[in-house]
file protein13.cif (mmCIF, C-alpha atoms)
data_run
#
loop_
_atom_site.label_atom_id
_atom_site.label_comp_id
_atom_site.auth_asym_id
_atom_site.auth_seq_id
_atom_site.Cartn_x
_atom_site.Cartn_y
_atom_site.Cartn_z
CA MET A 129 90.84 114.91 89.58
CA GLN A 130 88.05 116.66 91.44
CA ILE A 131 89.58 118.77 94.22
CA GLY A 132 86.84 121.33 94.87
CA GLU A 133 87.01 125.10 94.94
CA PRO A 134 90.34 126.96 95.20
CA GLN A 135 91.10 128.42 98.63
CA ARG A 136 94.46 130.21 98.55
CA ILE A 137 97.89 130.31 96.97
CA ILE A 138 100.86 129.30 99.10
CA ILE A 139 104.59 129.28 98.42
CA VAL A 140 106.53 126.23 99.61
CA GLU A 141 110.31 126.30 99.41
CA PRO A 142 111.66 123.20 101.18
CA LEU A 143 115.02 123.56 102.89
CA ASP A 144 115.75 119.98 101.79
CA LEU A 145 114.22 119.13 98.45
CA PRO A 146 112.84 115.58 98.15
CA VAL A 147 114.75 115.20 94.88
CA GLY A 148 117.15 117.37 92.85
CA ASN A 149 116.43 121.05 92.32
CA PRO A 150 114.22 121.69 89.31
CA LYS A 151 114.68 125.45 89.67
CA HIS A 152 118.40 125.56 89.27
CA GLY A 153 119.10 122.52 87.13
CA PRO A 154 121.76 119.91 87.84
CA GLU A 155 124.43 120.60 90.43
CA PRO A 156 127.66 121.99 88.91
CA GLU A 157 130.63 119.70 88.62
CA PRO A 158 133.05 120.14 91.53
CA SER A 159 136.05 122.23 90.53
CA ILE A 160 139.40 120.52 90.37
CA LEU A 161 141.85 121.96 92.88
CA PRO A 162 145.28 122.98 91.51
CA GLU A 163 148.10 120.68 92.42
CA ARG A 164 150.04 121.79 95.49
CA GLU A 165 153.69 122.67 95.39
CA PRO A 166 155.84 119.88 96.83
CA VAL A 167 156.86 120.65 100.40
CA ASP A 168 160.57 120.93 101.24
CA PRO A 169 160.94 119.12 104.59
CA GLU A 170 163.89 121.34 105.54
CA LYS A 171 161.75 124.49 105.28
CA VAL A 172 158.84 123.19 107.31
CA PRO A 173 158.84 124.94 110.71
CA VAL A 174 159.16 122.52 113.58
CA ALA A 175 157.66 123.21 116.99
CA PRO A 176 160.30 123.59 119.72
CA MET B 79 111.02 146.44 91.92
CA LYS B 80 109.59 142.95 92.25
CA VAL B 81 109.43 141.79 95.84
CA PRO B 82 110.46 138.12 96.07
CA ASP B 83 107.78 135.72 97.28
CA ILE B 84 108.29 134.88 100.92
CA PRO B 85 107.77 131.15 101.55
CA ASP B 86 104.78 130.13 103.66
CA TYR B 87 106.34 126.73 104.41
CA VAL B 88 109.86 125.30 104.30
CA SER B 89 108.80 121.64 104.16
CA PRO B 90 106.98 120.09 101.20
CA ILE B 91 103.21 119.61 101.38
CA VAL B 92 102.18 115.94 101.25
CA GLY B 93 99.21 115.03 99.08
CA TYR B 94 97.80 111.77 97.74
CA ARG B 95 97.43 110.74 94.13
CA VAL B 96 97.30 107.92 91.63
CA TRP B 97 99.60 107.12 88.74
CA ALA B 98 99.33 105.20 85.51
CA TRP B 99 101.97 102.47 85.63
CA GLY B 100 103.53 101.55 82.31
CA ALA B 101 106.38 99.25 81.38
CA ILE B 102 108.96 102.02 81.88
CA GLY B 103 107.52 103.71 84.96
CA LEU B 104 104.91 106.13 86.22
CA SER B 105 102.95 108.77 84.40
CA SER B 106 100.12 111.14 85.18
CA LEU B 107 96.69 110.24 83.88
CA ASN B 108 97.20 112.84 81.14
CA GLY B 109 100.31 110.96 79.99
CA ASP B 110 103.08 113.14 81.48
CA ALA B 111 105.99 110.91 82.46
CA TRP B 112 107.36 110.99 86.03
CA HIS B 113 111.10 110.35 85.81
CA PRO B 114 113.05 108.66 88.63
CA GLY B 115 115.24 111.07 90.58
CA ARG B 116 113.74 114.15 88.95
CA ALA B 117 110.92 116.38 90.14
CA LEU B 118 107.97 116.75 87.80
CA THR B 119 107.56 120.40 86.84
CA ALA B 120 104.15 121.69 85.79
CA LYS B 121 103.69 123.84 82.71
CA CYS B 122 100.48 125.60 81.86
CA PRO B 123 99.19 124.44 78.46
CA LYS B 124 96.89 127.45 78.14
CA ALA B 125 98.86 130.51 79.20
CA ASP B 126 102.37 131.81 79.79
CA HIS B 127 102.21 131.97 83.56
CA GLU B 128 103.73 130.11 86.47
CA PRO B 129 101.70 127.10 87.68
CA ALA B 130 99.74 126.71 89.80
CA ALA B 131 98.02 129.94 88.84
CA ASP B 132 94.96 131.37 90.53
CA GLY B 133 91.94 131.23 88.22
CA CYS B 134 93.50 128.52 86.03
CA SER B 135 93.44 124.72 86.15
CA CYS B 136 97.19 124.22 85.62
CA GLY B 137 99.49 122.36 88.00
CA ILE B 138 100.15 118.87 89.28
CA TYR B 139 97.05 117.54 91.03
CA ALA B 140 96.86 115.72 94.34
CA ALA B 141 94.10 114.96 96.84
CA ARG B 142 94.29 116.33 100.36
CA ASP B 143 93.91 112.88 101.92
CA TYR B 144 93.69 109.21 101.01
CA GLN B 145 89.97 109.01 101.72
CA HIS B 146 89.24 111.55 99.01
CA LEU B 147 90.97 109.32 96.44
CA VAL B 148 88.74 106.46 97.58
CA ASN B 149 85.62 108.63 97.51
CA ILE B 150 86.11 109.69 93.91
CA GLY B 151 86.90 106.13 92.83
CA TYR B 152 90.50 106.79 91.80
CA ARG B 153 92.37 104.36 94.00
CA ARG B 154 90.70 101.23 92.73
CA ARG B 155 90.39 102.41 89.16
CA ILE B 156 94.09 103.05 88.64
CA GLY B 157 95.86 100.78 91.04
CA VAL B 158 99.16 102.51 91.88
CA HIS B 159 98.65 105.23 94.43
CA GLY B 160 100.61 106.92 97.17
CA GLU B 161 101.76 110.04 98.91
CA VAL B 162 103.38 112.77 96.88
CA TYR B 163 105.60 115.68 97.85
CA LEU B 164 104.40 119.02 96.50
CA TRP B 165 106.31 122.29 96.53
CA GLY B 166 106.86 125.57 94.75
CA LYS B 167 103.76 127.60 94.02
CA ILE B 168 100.72 125.66 95.25
CA CYS B 169 97.02 126.38 94.96
CA GLU B 170 95.14 124.89 97.91
CA HIS B 171 91.64 123.64 97.10
CA GLU B 172 88.84 122.33 99.30
CA SER B 173 89.93 118.72 98.93
CA GLY B 174 93.29 118.85 97.21
CA TYR B 175 96.13 120.79 95.67
CA ARG B 176 97.59 121.98 92.39
CA ALA B 177 101.37 122.36 92.58
CA LYS B 178 104.28 123.47 90.46
CA TYR B 179 106.69 120.70 91.54
CA ALA B 180 106.06 117.14 92.68
CA TYR B 181 107.84 113.86 93.43
CA PRO B 182 106.48 110.58 94.87
CA LYS B 183 106.93 110.09 98.63
CA ASN B 184 105.88 106.45 98.52
CA LEU B 185 104.07 104.08 96.15
CA THR B 186 101.46 101.40 96.79
CA ILE B 187 100.53 98.59 94.41
CA SER B 188 96.99 97.39 94.94
CA GLU B 189 96.08 93.76 94.47
CA TRP B 190 93.56 94.77 91.84
CA CYS B 191 96.31 96.48 89.83
CA MET B 192 98.64 93.53 90.20
CA MET B 193 96.09 90.98 89.03
CA ARG B 194 95.08 93.16 86.11
CA LEU B 195 98.58 93.88 84.87
CA GLY B 196 100.08 90.48 85.64
CA ILE B 197 103.05 92.13 87.29
CA LYS B 198 106.52 90.71 86.84
CA MET B 199 109.75 91.61 88.54
CA PRO B 200 111.04 94.08 85.88
CA ARG B 201 107.90 96.12 86.30
CA ILE B 202 108.22 96.17 90.09
CA GLU B 203 111.78 97.39 89.61
CA THR B 204 110.48 100.38 87.65
CA LEU B 205 108.86 101.52 90.91
CA VAL B 206 112.03 100.78 92.91
CA SER B 207 113.94 103.12 90.58
CA TYR B 208 112.16 106.11 92.17
CA GLY B 209 114.05 105.37 95.38
CA VAL B 210 110.99 105.68 97.63
CA ASP B 211 109.19 103.08 99.76
CA VAL B 212 107.08 100.66 97.72
CA PHE B 213 104.12 98.89 99.37
CA PHE B 214 101.69 96.15 98.42
CA LEU B 215 98.06 96.40 99.51
CA PRO B 216 96.20 93.07 99.46
CA ASP B 217 92.50 93.78 99.04
CA GLU B 218 91.54 91.69 102.02
CA ALA B 219 94.05 93.32 104.35
CA CYS B 220 93.78 96.68 106.03
CA GLU B 221 97.51 97.26 106.30
CA ARG B 222 99.84 97.58 103.39
CA MET B 223 103.07 95.55 103.30
CA LEU B 224 106.46 97.09 102.64
CA VAL B 225 107.85 95.59 99.42
CA TRP B 226 111.01 97.66 99.04
CA SER B 227 112.75 100.44 100.90
CA ARG B 228 116.06 102.21 100.39
CA GLU B 229 117.21 101.08 103.84
CA VAL B 230 116.46 97.33 103.68
CA GLY B 231 115.87 96.55 99.99
CA PHE B 232 113.27 93.94 99.10
CA ASN B 233 111.11 92.45 101.84
CA PRO B 234 110.93 88.68 101.23
CA SER B 235 107.59 88.34 103.07
CA ALA B 236 105.89 90.82 100.78
CA LEU B 237 107.41 89.21 97.69
CA GLU B 238 106.12 85.87 98.88
CA ARG B 239 102.69 87.36 99.33
CA ILE B 240 102.75 88.74 95.79
CA ALA B 241 103.92 85.41 94.43
CA GLU B 242 101.01 83.72 96.21
CA LYS B 243 98.62 86.15 94.58
CA LYS B 244 100.09 85.31 91.22
CA GLN B 245 99.20 81.70 91.97
CA TYR B 246 102.73 80.54 91.32
CA LYS B 247 102.93 78.84 94.68
CA ASN B 248 103.40 75.08 94.47
CA GLN B 249 104.44 75.31 90.83
CA TYR B 250 108.20 75.08 90.93
CA LYS B 251 111.08 73.13 92.35
CA CYS B 252 114.18 74.43 94.00
CA LEU B 253 116.79 75.33 91.42
CA TYR B 254 119.58 74.72 93.87
CA GLY B 255 118.78 71.13 94.56
CA ASN B 256 118.54 71.49 98.31
CA LYS B 257 116.28 68.72 99.53
CA GLY B 258 115.30 70.81 102.54
CA CYS B 259 113.66 73.41 100.37
CA GLY B 260 110.72 71.28 99.39
CA GLU B 261 108.79 71.62 96.22
CA ASN B 262 106.09 73.77 97.71
CA ALA B 263 108.17 76.61 99.08
CA VAL B 264 107.86 79.92 97.32
CA TYR B 265 111.39 80.75 98.39
CA CYS B 266 114.38 78.61 99.01
CA GLU B 267 114.73 79.14 102.76
CA PRO B 268 117.65 76.80 103.49
CA CYS B 269 119.51 78.02 100.43
CA ASN B 270 118.86 81.62 101.39
CA LYS B 271 118.20 82.40 97.75
CA ARG B 272 114.91 84.16 98.18
CA TYR B 273 115.48 87.07 95.88
CA GLU B 274 116.98 85.01 93.07
CA HIS B 275 114.11 82.61 93.28
CA PHE B 276 111.61 85.38 93.22
CA LEU B 277 113.20 86.77 90.07
CA TRP B 278 112.94 83.33 88.56
CA ILE B 279 109.31 83.01 89.55
CA LEU B 280 108.19 86.41 88.34
CA ASN B 281 110.14 86.30 85.13
CA ASP B 282 108.71 82.95 84.24
CA ASP B 283 106.00 83.11 81.60
CA ARG B 284 104.01 80.16 82.73
#
call {"tool": "encode", "arguments": {"input": "protein13.cif", "output": "structure tokens"}}
result
Amino acid sequence: MQIGEPQRIIIVEPLDLPVGNPKHGPEPEPSILPEREPVDPEKVPVAP
Amino acid sequence: MKVPDIPDYVSPIVGYRVWAWGAIGLSSLNGDAWHPGRALTAKCPKADHEPAADGCSCGIYAARDYQHLVNIGYRRRIGVHGEVYLWGKICEHESGYRAKYAYPKNLTISEWCMMRLGIKMPRIETLVSYGVDVFFLPDEACERMLVWSREVGFNPSALERIAEKKQYKNQYKCLYGNKGCGENAVYCEPCNKRYEHFLWILNDDR
């Protein structure tokens, strides 16, 4: 494609990329949170 | 210590370009495939530097405006054209850009392209897979028609227009047997089966 003479170099880093992020590869899988300890209802503090 | 490049802009530059349109999707005129949902990343075939490098011809090309595509005869010659997002390192030229990263912003099918390729629904769906607005530009009209968008899906009016161009109008009967549809309708209005009918029309090999 004919686009004429070069003028200047610019750096464009969009805050929101139109699609994916080619720089950093695919997004990492979300980590799986550890299961919570079951709550003992008798130990739960109750507001007066 | 290398000082990181400070961005000049935080929104992508929008250029205009054409694509070759094959059975599985879009590609650059040099044959590089543009994959749905993935930015195209330029690589310099001549040197080990980051595109778009000053003093080199590497990078993904786009015109500065639509008129330039028309002036150099690209729009009519290729058929599928549209706006393209450009980002990363970009070399600005007098009438266009070379960029490191690119992804289509929208896509327009010209009537010339459609008549030449004999477009059927599966091929239109290859454009839909990019998830950007798809338009149809009848040669005799100044304004392009929205064919598909992420928000509303297919636009029945544009599909009807394409079906008319394919000269399928008046060549089928309603599959659903609704007498109100008539034999000459492109879509089955009373049955509200427009999209299914369009698939049937465009997948037909008559």
call {"tool": "atom_distance", "arguments": {"input": "protein13.cif", "atom1": "atom CA of B:Asp132", "atom2": "atom CA of B:Ala98"}}
result
27.0 Å
call {"tool": "resolve_selection", "arguments": {"input": "protein13.cif", "expression": "the PyMOL selection byres ((chain B) within 9 of (chain A))", "output": "number ranges by chain"}}
result
B: 83-91, 115-119, 130-133, 139-142, 146-147, 150, 152, 163-176, 179-183
call {"tool": "write_last_selection", "arguments": {"input": "protein13.cif", "atoms": "C-alpha atoms", "output": "compact mmCIF listing (two decimals), in the coordinates of the input"}}
result
# COMPACT_ATOMS: atom_id res chain seq x y z
CA ASP B 83 107.78 135.72 97.28
CA ILE B 84 108.29 134.88 100.92
CA PRO B 85 107.77 131.15 101.55
CA ASP B 86 104.78 130.13 103.66
CA TYR B 87 106.34 126.73 104.41
CA VAL B 88 109.86 125.30 104.30
CA SER B 89 108.80 121.64 104.16
CA PRO B 90 106.98 120.09 101.20
CA ILE B 91 103.21 119.61 101.38
CA GLY B 115 115.24 111.07 90.58
CA ARG B 116 113.74 114.15 88.95
CA ALA B 117 110.92 116.38 90.14
CA LEU B 118 107.97 116.75 87.80
CA THR B 119 107.56 120.40 86.84
CA ALA B 130 99.74 126.71 89.80
CA ALA B 131 98.02 129.94 88.84
CA ASP B 132 94.96 131.37 90.53
CA GLY B 133 91.94 131.23 88.22
CA TYR B 139 97.05 117.54 91.03
CA ALA B 140 96.86 115.72 94.34
CA ALA B 141 94.10 114.96 96.84
CA ARG B 142 94.29 116.33 100.36
CA HIS B 146 89.24 111.55 99.01
CA LEU B 147 90.97 109.32 96.44
CA ILE B 150 86.11 109.69 93.91
CA TYR B 152 90.50 106.79 91.80
CA TYR B 163 105.60 115.68 97.85
CA LEU B 164 104.40 119.02 96.50
CA TRP B 165 106.31 122.29 96.53
CA GLY B 166 106.86 125.57 94.75
CA LYS B 167 103.76 127.60 94.02
CA ILE B 168 100.72 125.66 95.25
CA CYS B 169 97.02 126.38 94.96
CA GLU B 170 95.14 124.89 97.91
CA HIS B 171 91.64 123.64 97.10
CA GLU B 172 88.84 122.33 99.30
CA SER B 173 89.93 118.72 98.93
CA GLY B 174 93.29 118.85 97.21
CA TYR B 175 96.13 120.79 95.67
CA ARG B 176 97.59 121.98 92.39
CA TYR B 179 106.69 120.70 91.54
CA ALA B 180 106.06 117.14 92.68
CA TYR B 181 107.84 113.86 93.43
CA PRO B 182 106.48 110.58 94.87
CA LYS B 183 106.93 110.09 98.63
call {"tool": "atom_distance", "arguments": {"input": "protein13.cif", "atom1": "atom CA of B:Leu215", "atom2": "atom CA of B:Ala120"}}
result
29.4 Å
call {"tool": "residues_near_point", "arguments": {"input": "protein13.cif", "point": "(107.5, 94.2, 104.1)", "cutoff": "7 Å", "atoms": "all atoms listed in the file", "output": "list of chain:residue names"}}
result
B:Met223, B:Leu224, B:Val225, B:Asn233, B:Ser235, B:Ala236
call {"tool": "write_last_selection", "arguments": {"input": "protein13.cif", "atoms": "C-alpha atoms", "output": "mmCIF file, in the frame of the given file"}}
result
data_model
loop_
_atom_site.group_PDB
_atom_site.id
_atom_site.type_symbol
_atom_site.label_atom_id
_atom_site.label_comp_id
_atom_site.auth_asym_id
_atom_site.auth_seq_id
_atom_site.Cartn_x
_atom_site.Cartn_y
_atom_site.Cartn_z
ATOM 1 C CA MET B 223 103.070 95.550 103.300
ATOM 2 C CA LEU B 224 106.460 97.090 102.640
ATOM 3 C CA VAL B 225 107.850 95.590 99.420
ATOM 4 C CA ASN B 233 111.110 92.450 101.840
ATOM 5 C CA SER B 235 107.590 88.340 103.070
ATOM 6 C CA ALA B 236 105.890 90.820 100.780
#
call {"tool": "atom_distance", "arguments": {"input": "protein13.cif", "atom1": "atom CA of B:Trp112", "atom2": "atom CA of B:Val162"}}
result
11.7 Å
call {"tool": "residues_around", "arguments": {"input": "protein13.cif", "residues": "B:Gly151", "least_positions_apart": "5", "cutoff": "12 Å", "atoms": "all atoms listed in the file", "output": "VMD selection string"}}
result
(chain A and resid 129 to 130) or (chain B and resid 95 to 96 144 to 146 156 to 157 159)
call {"tool": "closest_residue", "arguments": {"input": "protein13.cif", "among": "B:Leu104, B:Val210, B:Cys220, B:Ile138", "to": "B:Val158", "atoms": "only C-alpha atoms"}}
result
B:Leu104
call {"tool": "closest_residue", "arguments": {"input": "protein13.cif", "among": "B:Met192, B:Ser135, B:Gly103, B:Leu185", "to": "B:Pro216", "atoms": "all atoms listed in the file"}}
result
B:Met192
call {"tool": "closest_residue", "arguments": {"input": "protein13.cif", "among": "B:His127, B:Cys191, B:Ser106, B:Trp99", "to": "B:Asp217", "atoms": "only C-alpha atoms"}}
result
B:Cys191
call {"tool": "resolve_selection", "arguments": {"input": "protein13.cif", "expression": "the PyMOL selection byres ((chain B and resi 227) around 10)", "output": "PDB file with C-alpha atoms, keeping the file's coordinate frame"}}
result
ATOM      1  CA  ASN B 184     105.880 106.450  98.520  1.00  0.00           C
ATOM      2  CA  VAL B 206     112.030 100.780  92.910  1.00  0.00           C
ATOM      3  CA  GLY B 209     114.050 105.370  95.380  1.00  0.00           C
ATOM      4  CA  VAL B 210     110.990 105.680  97.630  1.00  0.00           C
ATOM      5  CA  ASP B 211     109.190 103.080  99.760  1.00  0.00           C
ATOM      6  CA  VAL B 212     107.080 100.660  97.720  1.00  0.00           C
ATOM      7  CA  PHE B 213     104.120  98.890  99.370  1.00  0.00           C
ATOM      8  CA  LEU B 224     106.460  97.090 102.640  1.00  0.00           C
ATOM      9  CA  VAL B 225     107.850  95.590  99.420  1.00  0.00           C
ATOM     10  CA  TRP B 226     111.010  97.660  99.040  1.00  0.00           C
ATOM     11  CA  ARG B 228     116.060 102.210 100.390  1.00  0.00           C
ATOM     12  CA  GLU B 229     117.210 101.080 103.840  1.00  0.00           C
ATOM     13  CA  VAL B 230     116.460  97.330 103.680  1.00  0.00           C
ATOM     14  CA  GLY B 231     115.870  96.550  99.990  1.00  0.00           C
ATOM     15  CA  PHE B 232     113.270  93.940  99.100  1.00  0.00           C
ATOM     16  CA  ASN B 233     111.110  92.450 101.840  1.00  0.00           C
TER      17      ASN B 233
END
